[in-house]
$ cat run-v3.txt   # compact mmCIF, C-alpha atoms
# COMPACT_ATOMS: atom_id res chain seq x y z
CA MET A 1 111.66 -133.70 205.37
CA MET A 2 113.77 -131.10 203.60
CA GLU A 3 112.98 -131.01 199.87
CA PHE A 4 115.80 -131.75 197.43
CA SER A 5 115.41 -128.33 195.79
CA GLU A 6 115.88 -126.68 199.16
CA ILE A 7 118.93 -128.83 199.94
CA GLU A 8 120.40 -128.01 196.53
CA ASN A 9 119.91 -124.29 197.08
CA SER A 10 121.45 -124.56 200.54
CA ILE A 11 124.53 -126.36 199.19
CA GLU A 12 124.94 -123.70 196.51
CA LEU A 13 124.61 -120.98 199.12
CA VAL A 14 127.43 -122.44 201.22
CA ARG A 15 129.55 -123.01 198.11
CA ASP A 16 129.07 -119.47 196.81
CA ASP A 17 129.44 -117.75 200.17
CA PRO A 18 131.13 -119.96 202.77
CA HIS A 19 131.02 -117.09 205.27
CA SER A 20 127.21 -117.10 205.20
CA VAL A 21 127.28 -119.85 207.85
CA SER A 22 129.37 -120.11 210.98
CA ASP A 23 130.66 -123.62 210.23
CA PRO A 24 130.41 -124.54 206.53
CA ALA A 25 131.71 -128.07 207.13
CA ALA A 26 129.05 -128.82 209.73
CA ARG A 27 126.41 -127.28 207.49
CA LEU A 28 127.38 -129.42 204.48
CA LEU A 29 127.53 -132.52 206.64
CA THR A 30 124.01 -131.78 207.91
CA LEU A 31 122.81 -131.24 204.36
CA GLY A 32 124.33 -134.60 203.45
CA GLU A 33 122.29 -136.14 206.25
CA ARG A 34 119.16 -134.44 204.94
CA ILE A 35 119.78 -136.04 201.53
CA LEU A 36 119.96 -139.51 203.07
CA GLU A 37 116.94 -138.84 205.27
CA ASN A 38 114.99 -138.26 202.06
CA TRP A 39 116.01 -141.68 200.83
CA LEU A 40 115.04 -143.39 204.09
CA GLN A 41 111.74 -141.58 204.53
CA SER A 42 110.82 -142.32 200.93
CA HIS A 43 111.22 -145.98 201.88
CA GLU A 44 109.09 -145.45 205.01
CA LEU A 45 112.04 -145.87 207.36
CA GLU A 46 112.72 -143.75 210.41
CA PRO A 47 116.19 -142.22 209.93
CA THR A 48 118.55 -143.37 212.63
CA SER A 49 120.05 -140.93 215.10
CA ASN A 50 122.99 -143.26 215.66
CA GLU A 51 126.50 -142.57 214.48
CA HIS A 52 128.97 -144.81 212.67
CA GLU A 53 132.67 -144.03 213.04
CA GLY A 54 131.59 -140.80 214.70
CA PHE A 55 129.33 -139.63 211.89
CA ARG A 56 125.56 -139.85 211.57
CA LEU A 57 125.93 -139.55 207.80
CA LEU A 58 127.68 -142.92 207.66
CA ALA A 59 125.09 -144.54 209.93
CA LEU A 60 122.30 -143.22 207.70
CA HIS A 61 124.04 -144.61 204.64
CA ARG A 62 124.40 -148.05 206.21
CA GLN A 63 120.74 -147.96 207.17
CA GLY A 64 119.78 -147.03 203.62
CA ALA A 65 121.75 -149.86 202.08
CA ILE A 66 120.35 -152.65 204.26
CA ASN A 67 117.54 -153.64 201.91
CA ASP A 68 118.99 -152.13 198.77
CA PRO A 69 122.63 -153.05 198.25
CA SER A 70 122.83 -150.90 195.11
CA PHE A 71 122.69 -147.93 197.48
CA LEU A 72 126.30 -148.84 198.24
CA ALA A 73 127.12 -147.02 195.00
CA CYS A 74 127.19 -143.81 197.03
CA ARG A 75 129.16 -145.20 199.96
CA GLU A 76 132.45 -143.68 198.83
CA THR A 77 130.75 -140.35 198.19
CA CYS A 78 129.51 -140.30 201.80
CA ARG A 79 132.94 -141.27 203.07
CA GLU A 80 134.54 -138.65 200.85
CA LEU A 81 132.29 -136.00 202.33
CA VAL A 82 133.36 -137.07 205.81
CA TYR A 83 137.00 -137.01 204.69
CA GLN A 84 136.62 -133.52 203.25
CA VAL A 85 134.96 -132.34 206.46
CA ASN A 86 137.85 -133.76 208.48
CA LEU A 87 140.37 -132.07 206.18
CA TYR A 88 138.59 -128.76 206.54
CA ARG A 89 138.54 -129.06 210.31
CA MET A 90 142.23 -129.86 210.33
CA LYS A 91 143.37 -127.11 207.96
CA ASN A 92 140.51 -124.64 208.22
CA GLU A 93 141.00 -123.53 204.62
CA ILE A 94 137.94 -121.81 203.27
CA SER A 95 138.96 -122.72 199.69
CA GLN A 96 138.13 -126.31 200.52
CA VAL A 97 134.46 -125.55 200.99
CA ASN A 98 133.99 -125.62 197.22
CA MET A 99 135.22 -129.21 197.05
CA MET A 100 133.08 -130.24 200.00
CA ALA A 101 130.06 -128.70 198.30
CA MET A 102 130.77 -130.61 195.08
CA VAL A 103 130.91 -133.90 196.93
CA ALA A 104 127.67 -133.07 198.77
CA MET A 105 126.07 -132.13 195.46
CA HIS A 106 127.18 -135.43 193.95
CA LEU A 107 125.43 -137.26 196.76
CA LEU A 108 122.29 -135.24 196.09
CA TYR A 109 122.34 -135.96 192.34
CA PHE A 110 122.82 -139.65 192.98
CA VAL A 111 120.11 -140.05 195.62
CA ARG A 112 117.63 -137.85 193.77
CA GLY A 113 118.37 -139.76 190.56
CA LYS A 114 117.98 -143.08 192.34
CA LEU A 115 114.59 -142.09 193.68
CA GLU A 116 113.55 -141.40 190.09
CA VAL A 117 115.21 -144.44 188.50
CA GLN A 118 115.53 -147.17 191.08
CA GLN A 119 118.19 -149.11 189.21
CA LEU A 120 120.74 -146.30 189.32
CA GLY A 121 123.84 -147.71 190.95
CA GLU A 122 123.13 -151.33 190.15
CA PHE A 123 125.59 -151.15 187.30
CA CYS A 124 128.57 -151.01 189.53
CA CYS A 125 127.83 -152.85 192.70
CA SER A 126 126.44 -155.93 190.99
CA SER A 127 124.71 -156.62 194.24
CA LYS A 128 121.28 -157.45 192.93
CA PRO A 129 122.24 -160.74 191.34
CA LEU A 130 124.38 -161.62 194.33
CA ARG A 131 121.52 -161.19 196.76
CA ILE A 132 118.34 -162.13 195.00
CA GLN A 133 116.87 -165.56 195.32
CA GLN A 134 118.06 -167.78 192.57
CA SER A 135 116.02 -167.74 189.45
CA ASP A 136 114.32 -170.90 188.32
CA THR A 137 116.85 -173.22 186.75
CA THR A 138 114.44 -175.81 185.45
CA THR A 139 114.58 -174.43 181.95
CA ARG A 140 118.31 -175.03 181.65
CA MET B 1 163.07 -150.86 192.79
CA ASP B 2 160.82 -149.32 195.40
CA LYS B 3 160.22 -151.58 198.39
CA ASN B 4 156.47 -151.40 197.78
CA GLU B 5 156.77 -152.74 194.25
CA THR B 6 155.92 -156.38 193.70
CA LEU B 7 156.97 -157.56 190.26
CA ARG B 8 155.64 -160.79 188.79
CA SER B 9 157.35 -162.64 185.98
CA ASP B 10 154.19 -164.60 185.17
CA LEU B 11 152.58 -161.47 183.75
CA GLN B 12 155.00 -161.20 180.82
CA ARG B 13 152.60 -163.33 178.76
CA VAL B 14 148.90 -163.19 179.56
CA ALA B 15 145.60 -164.06 177.92
CA TYR B 16 143.99 -160.90 176.58
CA TYR B 17 140.24 -160.46 176.86
CA PRO B 18 139.36 -157.19 175.11
CA GLY B 19 135.56 -157.53 175.37
CA CYS B 20 132.96 -155.96 173.09
CA ALA B 21 133.50 -152.29 173.98
CA LEU B 22 137.15 -152.39 172.95
CA GLU B 23 136.11 -153.39 169.46
CA GLY B 24 133.68 -150.48 169.27
CA SER B 25 133.52 -147.28 171.27
CA GLY B 26 136.69 -148.17 173.17
CA HIS B 27 138.77 -149.02 170.11
CA ALA B 28 141.42 -146.48 171.06
CA TYR B 29 141.81 -148.20 174.43
CA ASN B 30 142.34 -151.52 172.67
CA ARG B 31 144.89 -150.02 170.33
CA SER B 32 146.81 -148.18 173.04
CA THR B 33 146.81 -151.20 175.37
CA LYS B 34 148.34 -153.37 172.65
CA GLN B 35 150.84 -150.67 171.71
CA ILE B 36 152.18 -150.14 175.20
CA GLY B 37 152.33 -153.91 175.75
CA LYS B 38 154.49 -154.23 172.64
CA LYS B 39 156.66 -151.28 173.63
CA LEU B 40 157.23 -152.71 177.11
CA GLY B 41 158.01 -156.17 175.77
CA LEU B 42 154.89 -157.80 177.18
CA ASP B 43 153.02 -160.48 175.29
CA LEU B 44 149.23 -160.27 174.94
CA VAL B 45 147.60 -163.40 173.55
CA GLU B 46 144.01 -162.71 172.60
CA ILE B 47 141.56 -165.36 173.81
CA LYS B 48 140.39 -167.44 170.87
CA ASP B 49 136.72 -167.17 169.99
CA TRP B 50 135.98 -165.06 173.05
CA ASN B 51 132.41 -164.05 173.80
CA CYS B 52 130.53 -161.32 175.65
CA CYS B 53 131.10 -161.34 179.43
CA GLY B 54 127.36 -160.96 180.02
CA ALA B 55 127.76 -157.26 180.68
CA MET B 56 124.86 -155.99 182.78
CA GLU B 57 121.96 -156.95 180.57
CA VAL B 58 122.35 -160.71 180.92
CA LYS B 59 123.28 -160.37 184.59
CA ASN B 60 120.02 -158.67 185.38
CA ILE B 61 117.98 -161.37 183.68
CA ASP B 62 119.90 -164.44 184.83
CA PRO B 63 123.11 -164.10 186.84
CA GLU B 64 124.08 -167.72 186.24
CA ILE B 65 124.02 -167.31 182.47
CA GLN B 66 126.24 -164.29 182.95
CA ASN B 67 128.58 -166.39 185.07
CA PHE B 68 128.71 -169.00 182.32
CA LEU B 69 129.48 -166.43 179.64
CA SER B 70 132.35 -165.08 181.71
CA VAL B 71 133.83 -168.45 182.70
CA ARG B 72 133.68 -169.71 179.12
CA ASN B 73 136.38 -167.13 178.29
CA MET B 74 138.38 -168.08 181.36
CA SER B 75 138.06 -171.78 180.51
CA ILE B 76 139.34 -171.25 176.95
CA ALA B 77 142.34 -169.33 178.31
CA LYS B 78 143.16 -172.14 180.71
CA HIS B 79 142.23 -175.32 178.89
CA LYS B 80 142.71 -174.44 175.23
CA MET B 81 145.54 -171.91 175.46
CA GLY B 82 147.37 -173.02 178.58
CA LEU B 83 147.42 -169.55 180.14
CA ASP B 84 146.90 -168.87 183.84
CA VAL B 85 146.23 -165.14 183.80
CA VAL B 86 143.47 -163.30 181.95
CA MET B 87 143.89 -159.55 181.51
CA ALA B 88 140.72 -157.52 180.91
CA PRO B 89 141.18 -153.75 180.40
CA CYS B 90 137.45 -152.93 180.52
CA ASN B 91 136.11 -152.37 184.03
CA GLY B 92 132.83 -154.09 183.13
CA CYS B 93 134.52 -157.22 181.79
CA TYR B 94 137.05 -157.27 184.61
CA HIS B 95 134.26 -156.93 187.16
CA ASN B 96 132.14 -159.68 185.61
CA LEU B 97 135.00 -162.16 185.37
CA LYS B 98 135.89 -161.45 189.01
CA LYS B 99 132.27 -161.87 190.05
CA ALA B 100 132.04 -165.17 188.18
CA GLU B 101 135.20 -166.35 189.94
CA HIS B 102 133.67 -165.35 193.27
CA ASP B 103 130.46 -167.23 192.57
CA VAL B 104 132.25 -170.36 191.34
CA THR B 105 134.35 -170.30 194.50
CA HIS B 106 131.55 -169.69 196.96
CA ARG B 107 128.27 -170.91 195.50
CA GLU B 108 127.30 -174.53 195.01
CA GLN B 109 124.39 -173.57 192.80
CA THR B 110 126.70 -171.68 190.44
CA ARG B 111 129.00 -174.67 190.16
CA SER B 112 126.07 -176.96 189.46
CA VAL B 113 124.61 -174.73 186.73
CA LEU B 114 128.01 -174.18 185.12
CA GLU B 115 128.67 -177.92 185.07
CA LYS B 116 125.45 -178.48 183.13
CA LEU B 117 126.00 -175.58 180.75
CA SER B 118 129.63 -176.54 180.10
CA LYS B 119 128.63 -180.07 179.12
CA LYS B 120 125.85 -178.80 176.93
CA SER B 121 128.14 -176.37 175.11
CA LYS B 122 131.19 -178.68 175.08
CA VAL B 123 133.40 -176.20 176.92
CA PRO B 124 135.90 -177.66 179.42
CA GLU B 125 134.46 -177.12 182.87
CA TYR B 126 135.99 -174.20 184.75
CA LYS B 127 137.11 -174.77 188.33
CA ALA B 128 137.68 -172.04 190.89
CA GLY B 129 141.21 -170.70 190.64
CA ASP B 130 141.92 -172.09 187.15
CA VAL B 131 142.91 -168.61 186.08
CA GLU B 132 143.54 -165.28 187.74
CA THR B 133 141.74 -162.28 186.27
CA ILE B 134 143.59 -158.97 186.36
CA HIS B 135 142.96 -155.45 185.08
CA ALA B 136 145.28 -153.58 182.69
CA LEU B 137 146.39 -151.49 185.68
CA ASP B 138 147.44 -154.62 187.60
CA TRP B 139 149.23 -155.85 184.50
CA ILE B 140 151.50 -152.81 184.03
CA LYS B 141 151.89 -152.25 187.76
CA HIS B 142 153.04 -155.80 188.48
CA ALA B 143 154.71 -156.79 185.20
CA ILE B 144 156.74 -153.59 184.81
CA GLY B 145 156.43 -151.53 188.00
CA GLU B 146 156.99 -147.83 188.48
CA THR B 147 160.79 -147.94 188.65
CA ASN B 148 161.18 -149.81 185.36
CA LEU B 149 158.49 -147.72 183.75
CA ALA B 150 160.19 -144.48 184.78
CA ARG B 151 163.45 -145.75 183.22
CA GLN B 152 161.72 -146.24 179.87
CA VAL B 153 160.08 -142.81 179.73
CA LYS B 154 161.17 -140.82 176.67
CA ASN B 155 158.73 -137.91 176.86
CA SER B 156 157.99 -137.13 180.46
CA LEU B 157 154.41 -136.11 181.25
CA GLU B 158 155.91 -133.45 183.52
CA GLY B 159 153.66 -130.48 183.95
CA LEU B 160 150.55 -132.35 182.89
CA LYS B 161 148.01 -132.21 185.69
CA ILE B 162 145.98 -135.38 185.72
CA ALA B 163 142.92 -136.39 187.76
CA ASN B 164 142.40 -140.13 187.64
CA TYR B 165 138.86 -141.40 187.35
CA TYR B 166 138.54 -145.09 188.28
CA GLY B 167 134.77 -145.35 188.05
CA CYS B 168 132.77 -147.82 190.04
CA MET B 169 133.28 -151.35 188.77
CA TYR B 170 137.02 -151.48 189.36
CA THR B 171 136.56 -151.64 193.12
CA ARG B 172 132.95 -152.52 193.89
CA PRO B 173 131.69 -154.66 195.50
CA ARG B 174 134.72 -155.24 197.65
CA HIS B 175 134.19 -158.95 198.26
CA ILE B 176 134.79 -159.96 194.64
CA PHE B 177 138.32 -158.49 194.81
CA PRO B 178 139.97 -160.52 197.59
CA GLU B 179 143.46 -159.46 196.47
CA LYS B 180 142.72 -155.79 197.12
CA ASP B 181 143.03 -154.04 200.50
CA GLN B 182 145.89 -156.35 201.45
CA GLY B 183 148.23 -153.64 202.65
CA GLU B 184 151.44 -152.40 201.05
CA GLY B 185 151.66 -152.93 197.34
CA SER B 186 148.02 -153.92 196.90
CA GLU B 187 145.23 -151.84 195.43
CA SER B 188 142.77 -150.07 197.71
CA THR B 189 139.03 -150.30 197.11
CA SER B 190 138.24 -147.08 198.97
CA ASN B 191 141.09 -145.04 197.55
CA PRO B 192 142.46 -146.72 194.43
CA HIS B 193 145.93 -145.57 193.41
CA PHE B 194 147.45 -147.86 190.75
CA MET B 195 146.71 -145.37 187.95
CA ASP B 196 148.15 -142.58 190.12
CA ASP B 197 151.31 -144.64 190.70
CA LEU B 198 151.88 -145.43 187.02
CA LEU B 199 151.19 -141.97 185.63
CA ARG B 200 153.28 -140.37 188.36
CA ALA B 201 156.14 -142.67 187.32
CA ALA B 202 155.67 -141.30 183.79
CA GLY B 203 156.23 -137.79 185.16
CA ALA B 204 152.65 -136.51 185.49
CA GLN B 205 151.44 -134.37 188.34
CA ILE B 206 148.60 -136.31 189.94
CA ILE B 207 145.78 -134.20 191.26
CA ASP B 208 144.02 -135.27 194.43
CA PHE B 209 140.50 -135.79 193.17
CA PRO B 210 137.58 -136.46 195.52
CA LEU B 211 135.24 -138.12 193.03
CA LYS B 212 137.62 -140.73 191.62
CA THR B 213 135.22 -143.62 192.27
CA ALA B 214 131.92 -141.70 192.31
CA CYS B 215 128.92 -142.87 190.31
CA CYS B 216 128.63 -141.34 186.83
CA GLY B 217 125.17 -142.78 186.16
CA GLY B 218 126.77 -144.88 183.43
CA ALA B 219 124.08 -147.51 183.08
CA HIS B 220 121.38 -144.90 182.74
CA THR B 221 123.14 -142.73 180.26
CA LEU B 222 120.29 -143.26 177.78
CA SER B 223 117.30 -144.02 180.02
CA ASP B 224 117.92 -141.15 182.44
CA SER B 225 120.31 -138.87 180.59
CA ASP B 226 119.67 -135.81 182.74
CA THR B 227 120.81 -137.55 185.93
CA SER B 228 123.87 -138.92 184.13
CA THR B 229 124.72 -135.50 182.74
CA ARG B 230 124.46 -133.91 186.21
CA LEU B 231 126.64 -136.61 187.76
CA VAL B 232 129.27 -136.43 185.01
CA LEU B 233 129.27 -132.65 184.99
CA ASN B 234 129.92 -132.63 188.71
CA ILE B 235 132.85 -135.01 188.22
CA LEU B 236 134.25 -132.81 185.43
CA GLN B 237 133.80 -129.62 187.46
CA ALA B 238 135.42 -131.18 190.52
CA ALA B 239 138.43 -132.24 188.43
CA GLU B 240 138.65 -128.78 186.90
CA SER B 241 138.40 -127.12 190.31
CA CYS B 242 141.28 -129.29 191.48
CA GLY B 243 143.34 -127.91 188.59
CA ALA B 244 143.30 -130.91 186.27
CA ASP B 245 144.09 -130.55 182.56
CA VAL B 246 143.31 -134.18 181.89
CA ILE B 247 141.04 -136.84 183.32
CA ALA B 248 142.67 -140.22 182.86
CA THR B 249 140.35 -143.20 182.47
CA GLU B 250 140.76 -146.95 182.58
CA CYS B 251 137.37 -148.09 181.31
CA PRO B 252 135.68 -147.59 177.93
CA THR B 253 132.25 -147.02 179.49
CA CYS B 254 133.53 -144.36 181.88
CA HIS B 255 135.54 -142.74 179.11
CA THR B 256 132.64 -142.57 176.67
CA GLY B 257 130.27 -141.37 179.39
CA LEU B 258 132.57 -138.53 180.41
CA GLU B 259 133.11 -137.49 176.80
CA MET B 260 129.47 -137.64 175.78
CA HIS B 261 128.04 -135.92 178.84
CA GLN B 262 130.67 -133.20 178.65
CA ILE B 263 129.18 -132.33 175.27
CA ARG B 264 125.61 -132.83 176.48
CA ALA B 265 126.22 -130.52 179.45
CA GLU B 266 127.37 -127.84 177.01
CA GLU B 267 124.29 -128.33 174.86
CA THR B 268 121.59 -128.75 177.50
CA LEU B 269 122.94 -126.80 180.47
CA ASN B 270 125.23 -124.40 178.64
CA ILE B 271 128.06 -125.30 181.00
CA THR B 272 131.50 -125.83 179.50
CA THR B 273 134.28 -127.73 181.24
CA LYS B 274 137.91 -127.78 180.15
CA PRO B 275 139.50 -131.11 181.14
CA VAL B 276 140.11 -133.52 178.28
CA MET B 277 139.76 -137.26 178.59
CA LEU B 278 142.53 -139.72 177.74
CA TYR B 279 142.93 -143.41 178.51
CA PHE B 280 145.78 -144.08 180.91
CA THR B 281 147.28 -146.35 178.26
CA GLN B 282 147.36 -143.44 175.81
CA LEU B 283 149.14 -141.28 178.37
CA LEU B 284 151.67 -144.01 179.16
CA GLY B 285 152.17 -144.55 175.42
CA LEU B 286 152.96 -140.87 174.90
CA ALA B 287 155.45 -141.01 177.74
CA LEU B 288 157.06 -144.07 176.16
CA GLY B 289 157.55 -142.12 172.93
CA LEU B 290 154.68 -143.54 170.86
CA SER B 291 152.87 -141.22 168.46
CA PRO B 292 149.32 -139.99 169.17
CA ARG B 293 148.15 -141.73 165.99
CA LYS B 294 149.52 -145.10 167.08
CA LEU B 295 147.67 -144.66 170.36
CA GLY B 296 144.37 -143.78 168.69
CA ILE B 297 144.20 -140.33 170.26
CA GLN B 298 142.51 -139.00 167.11
CA GLU B 299 139.69 -141.51 167.75
CA ASN B 300 138.74 -139.92 171.06
CA VAL B 301 135.73 -137.62 171.00
CA SER B 302 137.43 -135.37 173.52
CA ASP B 303 140.00 -133.34 171.57
CA SER B 304 143.27 -133.35 173.47
CA LEU B 305 145.68 -132.75 170.60
CA ASP B 306 146.04 -128.99 171.15
CA LEU B 307 146.88 -129.52 174.80
CA LEU B 308 149.32 -132.31 173.99
CA ARG B 309 151.03 -130.17 171.34
CA GLN B 310 151.38 -127.31 173.82
CA ARG B 311 153.09 -129.68 176.23
CA GLY B 312 155.37 -131.12 173.55
CA LEU B 313 153.72 -134.52 173.68
CA ALA B 314 152.26 -134.54 170.16

$ encode --input "run-v3.txt" --output "structure tokens"
Amino acid sequence: MMEFSEIENSIELVRDDPHSVSDPAARLLTLGERILENWLQSHELEPTSNEHEGFRLLALHRQGAINDPSFLACRETCRELVYQVNLYRMKNEISQVNMMAMVAMHLLYFVRGKLEVQQLGEFCCSSKPLRIQQSDTTTR
Amino acid sequence: MDKNETLRSDLQRVAYYPGCALEGSGHAYNRSTKQIGKKLGLDLVEIKDWNCCGAMEVKNIDPEIQNFLSVRNMSIAKHKMGLDVVMAPCNGCYHNLKKAEHDVTHREQTRSVLEKLSKKSKVPEYKAGDVETIHALDWIKHAIGETNLARQVKNSLEGLKIANYYGCMYTRPRHIFPEKDQGEGSESTSNPHFMDDLLRAAGAQIIDFPLKTACCGGAHTLSDSDTSTRLVLNILQAAESCGADVIATECPTCHTGLEMHQIRAEETLNITTKPVMLYFTQLLGLALGLSPRKLGIQENVSDSLDLLRQRGLA
């Protein structure tokens, strides 16, 4: 498992010097996968090697959200990273690497934060009360 | 009128549910929402004796009590005021009312609990579909539309580069917003655009912004401030990198979080970011010729007056 600090440094490296790697988009996508692998392995799950819509990142995210719907709070960030990667591959503009790196970093901050404070993300998705067993209603 | 615009005459007069935040930290949002409604000839009728929507605290303890708190407001709008549409400008309130509607529609247990609680509290029982809950963005978008809005612009926002931050609760989870993702003219949950549409109609240059719905750590702003500061700072830096002068918001919690963590990032991380935060209603109000004072711009923590003066908007 790649440590968060190492992933963070790697993202910064690509951001600060996109020419340091042969394909910055592929590198940031892989680092995104490493972030999600951390989440899965911390929950004693074997990260999938499958792809969803052509991206392993999206399959990993789906896997991570199965038993924790509040993990959906980073769904759009994962999809945004994929979108940015696609844009970069289409236009091949090195200036876009900065934006890709920011999205990857956002994913890192969220997942790292959520491993520290489990409830992060429950604010928005409201999924906990939709999924949990109903509380006892006898007192009403 | 653009072919994608769908105007609704039933939104000229709606029940207004400001919620707690708009009487406190989001006061400027309340003020600017009312001001632009008045300017555009729309009638907001505040729900009588409204109560808390249950926010997130009640929801985490007992989701059915939260449902009851939300539907009580909807029931008053319908049965005591005779109004069919409730407009909630706060993302949290909007989200909770939509979630309550979803649960009343789909869950027998919710209906059963609400029936008991309604009798006990002498509130007319709420039935699924009694009212429609909309956000302030839906209200302006469908009551006025971009074409009519553009016609009423007195001070164009031309030259102002705006990144729109929608936050999380406006679009998530998808299943409580059945009217979204319905193709042309409807809002998108993955790439929301109503704020973009309205501010563009007011002349602003909308910046493509990759973190428009990203998590800002809002709920943990006090319990895990460092994570929240990192998340907000990243949002601010992304907007700045995209060239934004302003981040437009449509939720008091998002707005306060962005303002507060911008300052905290300066103090704890020594990182300064330039974009200023303004509610979309304040920006529309400026475009409609209202004064910054009327729109409560002086109440914002984020100081935008210098920028607005430079652009001839204040």

$ closest_atom_pairs --input "run-v3.txt" --of "chain B" --to "chain A" --cutoff "6 Å" --atoms "all atoms listed in the file" --output "CSV"
residue,atom,partner,partner_atom,distance
B:Pro63,CA,A:Pro129,CA,5.7
B:Cys168,CA,A:Cys124,CA,5.3
B:Met169,CA,A:Cys124,CA,4.8
B:Arg172,CA,A:Cys125,CA,5.3
B:Pro173,CA,A:Cys125,CA,5.1
B:Ala219,CA,A:Phe123,CA,5.8
B:Thr227,CA,A:Gly113,CA,5.7

$ residues_around --input "run-v3.txt" --residues "Glu132 in chain B" --least-positions-apart "6" --cutoff "9 Å" --atoms "all atoms listed in the file" --output "list in words"
Met74, Asp84, Val85, Val86, Met87, Lys98 and Glu101 of chain B

$ atom_distance --input "run-v3.txt" --atom1 "CA of Leu288 in chain B" --atom2 "CA of Lys154 in chain B"
5.3 Å

$ residues_around --input "run-v3.txt" --residues "range 250-267 of chain B" --least-positions-apart "2" --cutoff "9 Å" --atoms "all atoms listed in the file" --output "JSON, numbers by chain"
{"B": [21, 22, 25, 26, 27, 29, 89, 90, 91, 92, 136, 137, 164, 165, 166, 167, 168, 170, 195, 216, 217, 218, 219, 221, 225, 228, 229, 230, 232, 233, 235, 236, 248, 269, 270, 271, 272, 273, 276, 277, 278, 279, 280, 281, 300, 301, 302]}

$ residues_around --input "run-v3.txt" --residues "Val85 in chain A" --least-positions-apart "4" --cutoff "9 Å" --atoms "all atoms listed in the file" --output "number ranges by chain"
A: 25-26, 28-29, 80-81, 89-90, 97, 100

$ atom_distance --input "run-v3.txt" --atom1 "CA of Lys78 in chain B" --atom2 "CA of Lys39 in chain B"
25.8 Å

$ closest_residue --input "run-v3.txt" --among "A:Leu13, A:Val111, A:Leu87, A:Ala104" --to "Leu31 in chain A" --atoms "only C-alpha atoms"
A:Ala104

$ atom_distance --input "run-v3.txt" --atom1 "CA of Gly185 in chain B" --atom2 "CA of Ala100 in chain B"
24.9 Å

$ residues_around --input "run-v3.txt" --residues "Gly289 in chain B" --least-positions-apart "5" --cutoff "12 Å" --atoms "all atoms listed in the file" --output "MDAnalysis selection string"
chainID B and resid 35:36 39:40 152:157 202 282:284 294:295 312:314

$ build_atoms --input "run-v3.txt" --residues "range 31-44 of chain A" --atoms "N, CA and C atoms" --output "PDB file, keeping the file's coordinate frame"
ATOM      1  N   LEU A  31     123.562-131.154 205.620  1.00  0.00           N
ATOM      2  CA  LEU A  31     122.810-131.240 204.360  1.00  0.00           C
ATOM      3  C   LEU A  31     122.954-132.636 203.738  1.00  0.00           C
ATOM      4  N   GLY A  32     124.132-133.217 203.897  1.00  0.00           N
ATOM      5  CA  GLY A  32     124.330-134.600 203.450  1.00  0.00           C
ATOM      6  C   GLY A  32     123.372-135.540 204.177  1.00  0.00           C
ATOM      7  N   GLU A  33     123.226-135.310 205.467  1.00  0.00           N
ATOM      8  CA  GLU A  33     122.290-136.140 206.250  1.00  0.00           C
ATOM      9  C   GLU A  33     120.854-135.947 205.763  1.00  0.00           C
ATOM     10  N   ARG A  34     120.519-134.717 205.438  1.00  0.00           N
ATOM     11  CA  ARG A  34     119.160-134.440 204.940  1.00  0.00           C
ATOM     12  C   ARG A  34     118.894-135.216 203.640  1.00  0.00           C
ATOM     13  N   ILE A  35     119.921-135.305 202.801  1.00  0.00           N
ATOM     14  CA  ILE A  35     119.780-136.040 201.530  1.00  0.00           C
ATOM     15  C   ILE A  35     119.432-137.505 201.829  1.00  0.00           C
ATOM     16  N   LEU A  36     120.181-138.097 202.754  1.00  0.00           N
ATOM     17  CA  LEU A  36     119.960-139.510 203.070  1.00  0.00           C
ATOM     18  C   LEU A  36     118.641-139.725 203.801  1.00  0.00           C
ATOM     19  N   GLU A  37     118.249-138.743 204.597  1.00  0.00           N
ATOM     20  CA  GLU A  37     116.940-138.840 205.270  1.00  0.00           C
ATOM     21  C   GLU A  37     115.829-138.931 204.233  1.00  0.00           C
ATOM     22  N   ASN A  38     115.970-138.195 203.144  1.00  0.00           N
ATOM     23  CA  ASN A  38     114.990-138.260 202.060  1.00  0.00           C
ATOM     24  C   ASN A  38     114.849-139.681 201.538  1.00  0.00           C
ATOM     25  N   TRP A  39     116.002-140.305 201.342  1.00  0.00           N
ATOM     26  CA  TRP A  39     116.010-141.680 200.830  1.00  0.00           C
ATOM     27  C   TRP A  39     115.282-142.607 201.799  1.00  0.00           C
ATOM     28  N   LEU A  40     115.620-142.486 203.083  1.00  0.00           N
ATOM     29  CA  LEU A  40     115.040-143.390 204.090  1.00  0.00           C
ATOM     30  C   LEU A  40     113.544-143.148 204.246  1.00  0.00           C
ATOM     31  N   GLN A  41     113.160-141.882 204.328  1.00  0.00           N
ATOM     32  CA  GLN A  41     111.740-141.580 204.530  1.00  0.00           C
ATOM     33  C   GLN A  41     110.920-141.976 203.300  1.00  0.00           C
ATOM     34  N   SER A  42     111.521-141.876 202.132  1.00  0.00           N
ATOM     35  CA  SER A  42     110.820-142.320 200.930  1.00  0.00           C
ATOM     36  C   SER A  42     110.579-143.823 200.964  1.00  0.00           C
ATOM     37  N   HIS A  43     111.391-144.524 201.734  1.00  0.00           N
ATOM     38  CA  HIS A  43     111.220-145.980 201.880  1.00  0.00           C
ATOM     39  C   HIS A  43     110.531-146.319 203.202  1.00  0.00           C
ATOM     40  N   GLU A  44     109.873-145.294 203.761  1.00  0.00           N
ATOM     41  CA  GLU A  44     109.090-145.450 205.010  1.00  0.00           C
ATOM     42  C   GLU A  44     109.944-145.999 206.155  1.00  0.00           C
TER      43      GLU A  44
END
